[in-house]
>>> print(open('input-v4.cif').read())   # mmCIF, C-alpha atoms
data_query
#
loop_
_atom_site.label_atom_id
_atom_site.label_comp_id
_atom_site.auth_asym_id
_atom_site.auth_seq_id
_atom_site.Cartn_x
_atom_site.Cartn_y
_atom_site.Cartn_z
CA MET A 1 16.25 -24.05 -7.04
CA THR A 2 14.56 -26.25 -4.43
CA ALA A 3 12.28 -24.80 -1.77
CA LYS A 4 14.81 -25.67 0.92
CA GLU A 5 17.65 -23.95 -0.95
CA ARG A 6 15.47 -20.91 -1.58
CA VAL A 7 14.58 -20.49 2.09
CA LEU A 8 18.09 -21.02 3.42
CA LYS A 9 19.59 -18.58 0.91
CA THR A 10 16.99 -15.97 1.85
CA PHE A 11 17.94 -16.33 5.52
CA ALA A 12 21.59 -16.04 4.51
CA LEU A 13 20.83 -12.82 2.60
CA GLU A 14 21.84 -14.44 -0.70
CA LYS A 15 20.26 -14.25 -4.16
CA THR A 16 17.55 -16.76 -5.04
CA ASP A 17 15.51 -17.48 -8.16
CA ARG A 18 12.38 -15.93 -6.59
CA VAL A 19 11.09 -14.78 -3.23
CA THR A 20 10.00 -17.46 -0.83
CA ILE A 21 6.24 -17.60 -0.34
CA GLY A 22 4.20 -18.00 2.85
CA TYR A 23 0.49 -18.43 3.46
CA GLU A 24 -1.79 -18.00 6.47
CA ALA A 25 -5.56 -17.50 6.29
CA ASN A 26 -8.62 -17.67 8.50
CA GLU A 27 -10.80 -20.71 7.96
CA ALA A 28 -13.68 -19.09 6.05
CA ILE A 29 -11.54 -17.23 3.50
CA HIS A 30 -9.24 -20.24 3.17
CA LYS A 31 -12.13 -22.47 2.13
CA LYS A 32 -13.35 -19.92 -0.42
CA PHE A 33 -9.85 -19.38 -1.76
CA SER A 34 -9.01 -23.07 -2.07
CA ALA A 35 -12.34 -23.66 -3.83
CA ALA A 36 -11.44 -20.91 -6.31
CA LEU A 37 -8.19 -22.78 -6.98
CA GLY A 38 -10.16 -25.97 -7.65
CA ILE A 39 -8.95 -27.67 -4.47
CA PRO A 40 -11.62 -29.81 -2.78
CA ASP A 41 -12.55 -29.72 0.91
CA GLY A 42 -10.22 -26.83 1.75
CA ASN A 43 -7.19 -29.12 1.73
CA TYR A 44 -4.49 -26.92 3.30
CA GLU A 45 -1.51 -28.87 2.01
CA LEU A 46 -2.77 -28.87 -1.58
CA THR A 47 -3.42 -25.14 -1.32
CA MET A 48 0.12 -24.48 -0.16
CA GLN A 49 1.47 -26.62 -2.97
CA ALA A 50 -0.57 -24.68 -5.52
CA LEU A 51 0.75 -21.36 -4.17
CA GLY A 52 4.37 -22.48 -4.04
CA VAL A 53 4.75 -22.14 -0.26
CA ASP A 54 8.35 -23.06 0.52
CA TYR A 55 8.33 -24.27 4.14
CA ARG A 56 6.40 -26.56 6.46
CA SER A 57 6.25 -26.90 10.24
CA VAL A 58 6.82 -30.02 12.30
CA GLY A 59 6.25 -30.52 15.99
CA ALA A 60 5.60 -32.95 18.81
CA SER A 61 1.95 -33.53 19.72
CA TYR A 62 0.86 -33.54 23.35
CA THR A 63 0.09 -37.00 24.72
CA GLY A 64 0.03 -36.26 28.45
CA PRO A 65 -2.80 -36.10 30.98
CA LEU A 66 -5.71 -33.66 30.91
CA LEU A 67 -4.48 -30.70 32.97
CA PHE A 68 -7.36 -28.26 32.54
CA ARG A 69 -11.06 -28.68 33.14
CA GLU A 70 -13.40 -28.63 30.20
CA LEU A 71 -16.19 -26.05 29.99
CA PRO A 72 -19.44 -26.20 28.00
CA ASP A 73 -19.38 -24.44 24.61
CA ARG A 74 -15.66 -23.84 24.96
CA MET A 75 -12.43 -25.25 23.58
CA VAL A 76 -9.51 -25.61 25.97
CA ASN A 77 -5.92 -25.73 24.78
CA PRO A 78 -4.38 -28.88 26.35
CA VAL A 79 -0.87 -27.39 26.61
CA ASP A 80 -1.39 -23.72 27.54
CA GLY A 81 -4.76 -23.93 29.29
CA PHE A 82 -6.55 -21.05 27.55
CA TYR A 83 -10.22 -21.15 26.56
CA THR A 84 -11.89 -20.01 23.35
CA ARG A 85 -15.47 -19.65 22.17
CA TRP A 86 -16.79 -19.43 18.63
CA VAL A 87 -17.90 -15.93 17.62
CA GLU A 88 -19.84 -15.41 14.39
CA HIS A 89 -19.48 -12.32 12.25
CA GLU A 90 -20.90 -11.23 8.92
CA THR A 91 -18.09 -12.75 6.83
CA GLY A 92 -17.35 -15.85 8.89
CA GLY A 93 -16.23 -16.41 12.46
CA TYR A 94 -13.28 -17.02 14.76
CA TRP A 95 -12.35 -18.62 18.07
CA ASP A 96 -12.10 -15.80 20.60
CA PHE A 97 -10.27 -16.03 23.95
CA CYS A 98 -12.46 -16.06 27.05
CA ASP A 99 -12.85 -17.28 30.66
CA PHE A 100 -9.30 -16.29 31.62
CA PRO A 101 -8.41 -18.73 34.44
CA LEU A 102 -5.68 -16.54 35.99
CA GLN A 103 -7.48 -13.22 35.81
CA GLY A 104 -7.42 -11.75 39.31
CA ALA A 105 -5.75 -14.90 40.67
CA ASP A 106 -3.62 -14.94 43.83
CA ALA A 107 0.13 -15.44 43.76
CA GLU A 108 0.07 -19.14 44.62
CA THR A 109 -2.45 -19.93 41.86
CA ILE A 110 -0.39 -18.04 39.28
CA ALA A 111 2.95 -19.56 40.25
CA SER A 112 1.57 -23.11 40.30
CA PHE A 113 -0.62 -22.96 37.17
CA PRO A 114 -0.26 -26.33 35.37
CA VAL A 115 2.56 -26.61 32.83
CA PRO A 116 3.06 -29.87 30.89
CA ASP A 117 6.21 -31.95 31.18
CA PRO A 118 8.31 -31.95 27.98
CA ASP A 119 8.35 -35.76 28.26
CA ASP A 120 4.58 -35.82 27.68
CA PHE A 121 4.92 -35.21 23.95
CA ASP A 122 5.25 -37.57 20.98
CA TYR A 123 8.63 -36.87 19.39
CA GLY A 124 8.61 -40.06 17.34
CA GLY A 125 5.73 -38.74 15.24
CA ILE A 126 7.91 -35.90 13.94
CA GLU A 127 9.83 -38.32 11.76
CA GLN A 128 6.78 -39.00 9.59
CA GLN A 129 6.01 -35.28 9.39
CA ILE A 130 9.51 -34.63 8.09
CA LYS A 131 9.24 -37.41 5.51
CA ALA A 132 5.93 -35.99 4.29
CA HIS A 133 7.51 -32.55 3.79
CA GLN A 134 11.01 -33.52 2.68
CA ASP A 135 10.74 -31.36 -0.44
CA TYR A 136 10.38 -28.20 1.64
CA ALA A 137 12.30 -26.24 4.25
CA ILE A 138 11.33 -27.54 7.70
CA TYR A 139 10.91 -25.40 10.81
CA ILE A 140 10.04 -25.87 14.45
CA GLY A 141 8.22 -23.36 16.60
CA SER A 142 5.30 -21.04 16.06
CA LEU A 143 4.02 -17.54 16.68
CA GLY A 144 3.01 -18.75 20.17
CA VAL A 145 6.51 -19.58 21.44
CA PRO A 146 7.48 -18.04 23.77
CA ASP A 147 5.05 -15.16 23.07
CA ILE A 148 5.16 -13.91 26.65
CA ILE A 149 2.53 -11.18 26.36
CA ASN A 150 -0.10 -13.00 24.30
CA SER A 151 0.36 -16.47 25.79
CA THR A 152 0.04 -15.05 29.29
CA GLY A 153 -2.77 -12.68 28.30
CA ARG A 154 -4.86 -15.59 27.03
CA ILE A 155 -5.03 -17.05 30.51
CA MET A 156 -4.56 -13.97 32.70
CA GLY A 157 -6.19 -11.22 30.65
CA MET A 158 -4.13 -8.51 28.98
CA GLU A 159 -4.49 -5.90 31.74
CA ASP A 160 -3.27 -8.22 34.51
CA THR A 161 -0.50 -9.50 32.27
CA LEU A 162 0.95 -6.09 31.42
CA CYS A 163 0.60 -4.80 34.99
CA ASN A 164 2.28 -7.88 36.46
CA LEU A 165 5.12 -7.68 33.96
CA MET A 166 5.68 -3.99 34.67
CA LEU A 167 5.62 -4.62 38.43
CA GLU A 168 7.88 -7.67 38.02
CA ASP A 169 5.38 -9.74 39.98
CA GLU A 170 7.31 -12.71 41.38
CA SER A 171 4.55 -15.27 40.90
CA THR A 172 4.06 -14.24 37.25
CA LEU A 173 7.80 -14.44 36.56
CA THR A 174 7.90 -17.87 38.21
CA PHE A 175 5.14 -19.08 35.93
CA LEU A 176 6.79 -17.57 32.83
CA ASN A 177 10.04 -19.35 33.58
CA ARG A 178 8.26 -22.67 34.17
CA ARG A 179 6.47 -22.35 30.84
CA MET A 180 9.67 -21.28 29.08
CA ALA A 181 11.51 -24.31 30.46
CA MET A 182 8.76 -26.56 29.09
CA GLN A 183 8.88 -24.97 25.63
CA LEU A 184 12.65 -24.99 25.53
CA GLY A 185 12.68 -28.61 26.65
CA ILE A 186 10.44 -29.58 23.74
CA PHE A 187 12.75 -27.83 21.29
CA GLU A 188 15.83 -29.43 22.87
CA ARG A 189 14.38 -32.92 22.53
CA THR A 190 13.23 -32.25 18.98
CA LEU A 191 16.56 -30.87 17.81
CA HIS A 192 18.52 -33.62 19.54
CA ARG A 193 16.70 -36.19 17.39
CA TYR A 194 16.12 -34.31 14.14
CA HIS A 195 18.58 -31.43 13.96
CA ASP A 196 19.95 -32.55 10.60
CA LYS A 197 16.45 -32.39 9.07
CA ILE A 198 15.32 -29.02 10.47
CA ASP A 199 16.16 -25.74 8.71
CA PHE A 200 15.07 -22.91 11.01
CA MET A 201 13.32 -21.93 14.23
CA TRP A 202 10.25 -19.67 14.31
CA LEU A 203 9.44 -17.69 17.47
CA GLY A 204 6.77 -15.13 18.32
CA GLU A 205 6.30 -12.06 20.52
CA ASP A 206 3.88 -9.20 19.86
CA LEU A 207 5.63 -6.03 21.05
CA GLY A 208 3.82 -3.07 19.55
CA THR A 209 0.50 -1.32 19.09
CA GLN A 210 -0.24 0.31 15.74
CA HIS A 211 1.41 3.51 16.94
CA SER A 212 3.98 2.74 19.64
CA PRO A 213 5.79 0.07 21.66
CA MET A 214 3.63 -2.04 23.95
CA ILE A 215 6.39 -2.18 26.55
CA SER A 216 9.55 -0.20 27.21
CA LEU A 217 12.94 -1.20 25.86
CA GLU A 218 14.12 -1.40 29.46
CA LEU A 219 11.41 -3.93 30.32
CA TYR A 220 12.18 -5.90 27.18
CA ARG A 221 15.84 -6.16 28.10
CA LYS A 222 15.15 -7.09 31.71
CA ILE A 223 12.44 -9.76 31.32
CA PHE A 224 11.88 -10.64 27.67
CA ARG A 225 15.36 -10.66 26.18
CA PRO A 226 16.84 -13.31 28.52
CA ILE A 227 13.97 -15.67 27.65
CA HIS A 228 14.19 -15.04 23.92
CA GLN A 229 17.96 -15.44 24.04
CA LYS A 230 17.71 -18.99 25.35
CA PHE A 231 15.77 -20.06 22.24
CA ILE A 232 18.08 -18.19 19.88
CA ASP A 233 21.15 -19.71 21.55
CA LEU A 234 19.64 -23.18 21.19
CA ALA A 235 19.03 -22.60 17.48
CA GLN A 236 22.55 -21.28 17.00
CA SER A 237 24.03 -24.30 18.76
CA TYR A 238 22.61 -26.32 15.84
CA HIS A 239 23.55 -23.64 13.26
CA LEU A 240 19.91 -22.79 12.55
CA PRO A 241 18.59 -19.32 11.70
CA THR A 242 15.84 -17.85 13.87
CA MET A 243 12.83 -15.83 12.71
CA ILE A 244 10.65 -13.96 15.20
CA HIS A 245 7.08 -12.74 14.68
CA THR A 246 6.40 -9.23 16.02
CA CYS A 247 3.09 -7.47 15.44
CA GLY A 248 2.53 -3.72 15.37
CA SER A 249 5.21 -1.07 15.72
CA SER A 250 8.16 -3.28 16.62
CA SER A 251 11.23 -1.95 14.82
CA TRP A 252 12.31 -0.23 18.05
CA VAL A 253 13.60 -3.61 19.25
CA TYR A 254 15.27 -4.79 16.03
CA GLU A 255 18.74 -3.56 17.00
CA ASP A 256 18.50 -5.82 20.05
CA PHE A 257 17.31 -8.68 17.83
CA ILE A 258 20.38 -8.26 15.63
CA GLU A 259 22.67 -8.30 18.67
CA MET A 260 20.93 -11.45 19.91
CA GLY A 261 21.40 -13.31 16.64
CA VAL A 262 17.93 -13.12 15.11
CA SER A 263 18.08 -13.74 11.35
CA ALA A 264 14.63 -12.57 10.23
CA VAL A 265 11.57 -10.67 11.45
CA ASP A 266 7.99 -11.58 10.56
CA THR A 267 4.62 -9.80 10.21
CA LEU A 268 5.82 -6.27 9.38
CA GLN A 269 2.54 -4.35 9.44
CA PRO A 270 3.35 -1.52 6.99
CA GLU A 271 0.70 0.83 8.39
CA ALA A 272 2.24 0.75 11.89
CA THR A 273 4.74 3.39 13.00
CA ASN A 274 8.26 2.86 11.58
CA MET A 275 7.25 -0.37 9.84
CA SER A 276 6.92 0.68 6.19
CA PRO A 277 8.94 -1.27 3.62
CA GLU A 278 11.05 1.81 2.93
CA TYR A 279 11.86 2.35 6.61
CA LEU A 280 12.74 -1.29 7.26
CA LYS A 281 15.03 -1.53 4.25
CA GLU A 282 16.77 1.76 5.06
CA TYR A 283 17.54 0.96 8.69
CA PHE A 284 17.83 -2.83 8.77
CA GLY A 285 18.39 -3.96 5.19
CA GLY A 286 21.45 -6.16 4.90
CA ARG A 287 21.21 -7.15 8.58
CA LEU A 288 17.80 -8.83 8.75
CA ALA A 289 15.66 -10.85 6.38
CA PHE A 290 12.00 -9.79 6.26
CA ARG A 291 8.78 -11.79 6.07
CA GLY A 292 5.34 -10.25 5.57
CA CYS A 293 4.55 -6.62 4.75
CA ILE A 294 1.48 -7.50 2.62
CA SER A 295 -1.11 -5.82 4.81
CA THR A 296 -4.33 -7.67 5.60
CA ALA A 297 -5.92 -4.28 6.36
CA GLY A 298 -5.12 -2.59 3.05
CA PRO A 299 -6.06 -3.25 -0.59
CA LEU A 300 -6.17 -7.00 0.05
CA ALA A 301 -9.26 -6.47 2.22
CA PHE A 302 -10.71 -3.21 0.90
CA GLY A 303 -9.42 -2.68 -2.64
CA THR A 304 -9.90 -4.29 -6.02
CA ALA A 305 -7.95 -7.18 -7.47
CA GLU A 306 -5.93 -4.78 -9.63
CA GLU A 307 -5.20 -2.52 -6.67
CA THR A 308 -4.05 -5.56 -4.71
CA ARG A 309 -1.81 -6.63 -7.57
CA GLN A 310 -0.19 -3.19 -7.87
CA TYR A 311 0.20 -2.94 -4.09
CA CYS A 312 2.01 -6.29 -4.00
CA LYS A 313 4.15 -5.28 -6.98
CA LYS A 314 5.28 -2.08 -5.26
CA THR A 315 6.04 -3.91 -2.01
CA LEU A 316 8.05 -6.52 -3.89
CA GLU A 317 10.05 -3.85 -5.72
CA ILE A 318 11.14 -2.38 -2.40
CA MET A 319 11.59 -5.52 -0.32
CA MET A 320 13.35 -7.64 -2.95
CA LYS A 321 16.35 -5.34 -3.10
CA GLY A 322 19.19 -7.27 -1.49
CA TYR A 323 17.53 -10.72 -1.83
CA ARG A 324 16.19 -10.83 1.72
CA TYR A 325 12.42 -11.11 1.44
CA HIS A 326 9.87 -13.79 2.32
CA PHE A 327 6.55 -12.83 0.64
CA ALA A 328 3.60 -13.30 3.03
CA PRO A 329 0.58 -11.56 4.56
CA THR A 330 1.09 -9.54 7.73
CA HIS A 331 -1.34 -11.81 9.58
CA ALA A 332 -3.68 -14.60 8.62
CA ILE A 333 -5.73 -13.31 5.68
CA GLN A 334 -9.05 -12.19 7.11
CA ASP A 335 -12.52 -13.39 6.14
CA ASN A 336 -13.51 -9.99 4.73
CA SER A 337 -10.88 -10.23 1.96
CA PRO A 338 -12.43 -10.84 -1.48
CA VAL A 339 -11.28 -14.13 -2.99
CA GLU A 340 -10.25 -12.43 -6.23
CA ASN A 341 -7.90 -10.17 -4.22
CA VAL A 342 -6.22 -13.18 -2.60
CA VAL A 343 -5.77 -14.73 -6.03
CA ALA A 344 -4.28 -11.46 -7.28
CA MET A 345 -1.91 -11.33 -4.30
CA TYR A 346 -0.35 -14.70 -4.97
CA GLN A 347 -0.32 -14.26 -8.73
CA ALA A 348 1.64 -11.05 -8.15
CA ALA A 349 4.19 -12.96 -6.07
CA HIS A 350 4.89 -15.26 -9.02
CA ASP A 351 4.73 -12.54 -11.66
CA PHE A 352 6.88 -9.94 -9.91
CA GLY A 353 8.81 -11.96 -7.31
CA ARG A 354 11.55 -13.34 -9.58
CA TYR A 355 15.14 -12.13 -9.48
#
>>> encode(input="input-v4.cif", output="structure tokens")
Amino acid sequence: MTAKERVLKTFALEKTDRVTIGYEANEAIHKKFSAALGIPDGNYELTMQALGVDYRSVGASYTGPLLFRELPDRMVNPVDGFYTRWVEHETGGYWDFCDFPLQGADAETIASFPVPDPDDFDYGGIEQQIKAHQDYAIYIGSLGVPDIINSTGRIMGMEDTLCNLMLEDESTLTFLNRRMAMQLGIFERTLHRYHDKIDFMWLGEDLGTQHSPMISLELYRKIFRPIHQKFIDLAQSYHLPTMIHTCGSSSWVYEDFIEMGVSAVDTLQPEATNMSPEYLKEYFGGRLAFRGCISTAGPLAFGTAEETRQYCKKTLEIMMKGYRYHFAPTHAIQDNSPVENVVAMYQAAHDFGRY
């Protein structure tokens, strides 16, 4: 079975030869892991090929004007306008969000915050990306689209973001809709040109803490759902399945996702409330495909290689029932994960992930 066939059948809730496989890892652990596999220079594509990862992303790169000022010792995202700084820790480092440009901003500044024009992206370059990955399932999107809470929090700060959403602040909603129109416009242009080469759409929206919803279902339905629905409707107009990334305790919104036409949910932190493999299969099995559930805060980070292997085996035994499982970590594998555990994780996928 080809990678493309495997992915599409998993979305369709049909039997495959094995589970599909996904991979995300922080930079430091990725380099150690790829070196352990004998792959030079941390080559990401070669690592994914070695693991049997079944899908690849394509997207238009930004070619428009510089919209945001540069700051010393910072990186600025040219599309979304958030800033990050490098923070070292004992097992590596990461780019942390900082200098939130809309934190405490007035209404006019929020409503008029720069948003790129969808025409300022290189859609022609996608053709070469597709050719390079023609042996795999191809998707558009990312965990950051539309990602209302996180994407806004990176430029406004999380407290202002959640307060403004709860209060239905007009300037914040104006900005959200401007950004959504930009993101949707990019997808529309991409699918218009390449719809026959693209296999699914990937969206993102973190909706839960470890213990409870981050927002109410009422707020989700009033502000979030209409925005999410526009992307899902676009995907469905091209007969594409949609997968949405939701961190934390998020199953409270899955019935809405099913009504909206979502095909699969991603992340699935098993330690969060009502997110265990058993719970998800009992309440949503047969109606959603699942991606993730291999915790980056469990044996993978703190156990032995054998404990990791047995943990993955048990998760596979539960999640594979009904042929609806994409094997993957709950988040990017963290730098504190021992390399031998990461090796054990992916070996388990191949040893125990066959139907």
>>> resolve_selection(input="input-v4.cif", expression="the PyMOL selection byres ((chain A and resi 98-110) around 7)", output="list in words")
Phe82, Tyr83, Thr84, Arg85, Asp96, Phe97, Ala111, Ser112, Phe113, Arg154, Ile155, Met156, Gly157, Asp160, Ser171, Thr172 and Phe175 of chain A
>>> resolve_selection(input="input-v4.cif", expression="the PyMOL selection byres ((chain A and resi 74) around 8)", output="list of chain:residue names")
A:Glu70, A:Leu71, A:Pro72, A:Asp73, A:Met75, A:Val76, A:Tyr83, A:Thr84, A:Arg85, A:Trp86
>>> closest_atom_pairs(input="input-v4.cif", of="stretch 79-169 of chain A", to="stretch 220-232 of chain A", cutoff="9 Å", atoms="all atoms listed in the file", output="Markdown table")
| residue | atom | partner | partner_atom | distance |
| --- | --- | --- | --- | --- |
| A:Pro146 | CA | A:His228 | CA | 7.4 |
| A:Ile148 | CA | A:Phe224 | CA | 7.5 |
| A:Leu165 | CA | A:Ile223 | CA | 8.1 |
| A:Glu168 | CA | A:Ile223 | CA | 8.4 |
>>> write_last_selection(input="input-v4.cif", atoms="C-alpha atoms", output="short mmCIF file (atom, residue, chain, number, x, y, z; two decimals), in the frame of the given file")
data_model
loop_
_atom_site.label_atom_id
_atom_site.label_comp_id
_atom_site.auth_asym_id
_atom_site.auth_seq_id
_atom_site.Cartn_x
_atom_site.Cartn_y
_atom_site.Cartn_z
CA PRO A 146 7.48 -18.04 23.77
CA ILE A 148 5.16 -13.91 26.65
CA LEU A 165 5.12 -7.68 33.96
CA GLU A 168 7.88 -7.67 38.02
#
>>> atom_distance(input="input-v4.cif", atom1="atom CA of A:Glu170", atom2="atom CA of A:Gly204")
23.2 Å
>>> closest_residue(input="input-v4.cif", among="A:Asp117, A:Glu340, A:Glu282, A:Asp135", to="A:Pro299", atoms="all atoms listed in the file")
A:Glu340
>>> resolve_selection(input="input-v4.cif", expression="the PyMOL selection byres ((chain A and resi 310-324) around 9)", output="PyMOL selection string")
chain A and resi 9-16+18-19+264+277-278+280-281+285-286+288-291+293-294+298-300+305-309+325-327+344-346+348-349+351-355
>>> residues_around(input="input-v4.cif", residues="A:Thr267", least_positions_apart="4", cutoff="10 Å", atoms="all atoms listed in the file", output="MDAnalysis selection string")
chainID A and resid 204 206 244:248 250 275 290:295 328:332
>>> atom_distance(input="input-v4.cif", atom1="atom CA of A:Arg178", atom2="atom CA of A:Pro116")
9.5 Å
>>> decode(input="input-v4.cif", residues="stretch 299-318 of chain A", atoms="N, CA and C atoms", output="compact mmCIF listing (two decimals), in the first residue's frame")
# COMPACT_ATOMS: atom_id res chain seq x y z
N PRO A 299 6.44 7.85 29.50
CA PRO A 299 7.63 7.02 29.40
C PRO A 299 8.62 7.49 28.34
N LEU A 300 8.14 8.11 27.27
CA LEU A 300 9.05 8.59 26.23
C LEU A 300 10.09 9.54 26.80
N ALA A 301 9.68 10.36 27.76
CA ALA A 301 10.61 11.32 28.37
C ALA A 301 11.24 10.80 29.65
N PHE A 302 10.49 10.01 30.43
CA PHE A 302 10.94 9.69 31.78
C PHE A 302 11.12 8.20 32.07
N GLY A 303 10.80 7.35 31.10
CA GLY A 303 10.94 5.92 31.31
C GLY A 303 12.16 5.34 30.62
N THR A 304 12.18 4.03 30.53
CA THR A 304 13.25 3.33 29.81
C THR A 304 12.79 3.03 28.39
N ALA A 305 13.71 2.54 27.59
CA ALA A 305 13.35 2.16 26.22
C ALA A 305 12.29 1.06 26.21
N GLU A 306 12.44 0.08 27.11
CA GLU A 306 11.46 -1.01 27.15
C GLU A 306 10.11 -0.51 27.64
N GLU A 307 10.10 0.39 28.61
CA GLU A 307 8.83 0.96 29.07
C GLU A 307 8.16 1.76 27.95
N THR A 308 8.95 2.48 27.18
CA THR A 308 8.42 3.22 26.04
C THR A 308 7.81 2.27 25.02
N ARG A 309 8.51 1.20 24.74
CA ARG A 309 8.04 0.21 23.77
C ARG A 309 6.70 -0.40 24.21
N GLN A 310 6.60 -0.77 25.48
CA GLN A 310 5.37 -1.38 25.98
C GLN A 310 4.23 -0.37 26.04
N TYR A 311 4.56 0.86 26.36
CA TYR A 311 3.56 1.94 26.37
C TYR A 311 2.98 2.15 24.97
N CYS A 312 3.86 2.19 23.97
CA CYS A 312 3.40 2.36 22.59
C CYS A 312 2.59 1.15 22.14
N LYS A 313 3.02 -0.04 22.53
CA LYS A 313 2.29 -1.26 22.17
C LYS A 313 0.87 -1.23 22.71
N LYS A 314 0.73 -0.84 23.99
CA LYS A 314 -0.60 -0.79 24.60
C LYS A 314 -1.48 0.26 23.91
N THR A 315 -0.90 1.42 23.62
CA THR A 315 -1.67 2.47 22.94
C THR A 315 -2.11 2.00 21.56
N LEU A 316 -1.23 1.35 20.84
CA LEU A 316 -1.58 0.82 19.52
C LEU A 316 -2.70 -0.21 19.60
N GLU A 317 -2.64 -1.08 20.59
CA GLU A 317 -3.68 -2.11 20.74
C GLU A 317 -5.06 -1.49 20.89
N ILE A 318 -5.12 -0.37 21.60
CA ILE A 318 -6.41 0.30 21.81
C ILE A 318 -6.81 1.12 20.59
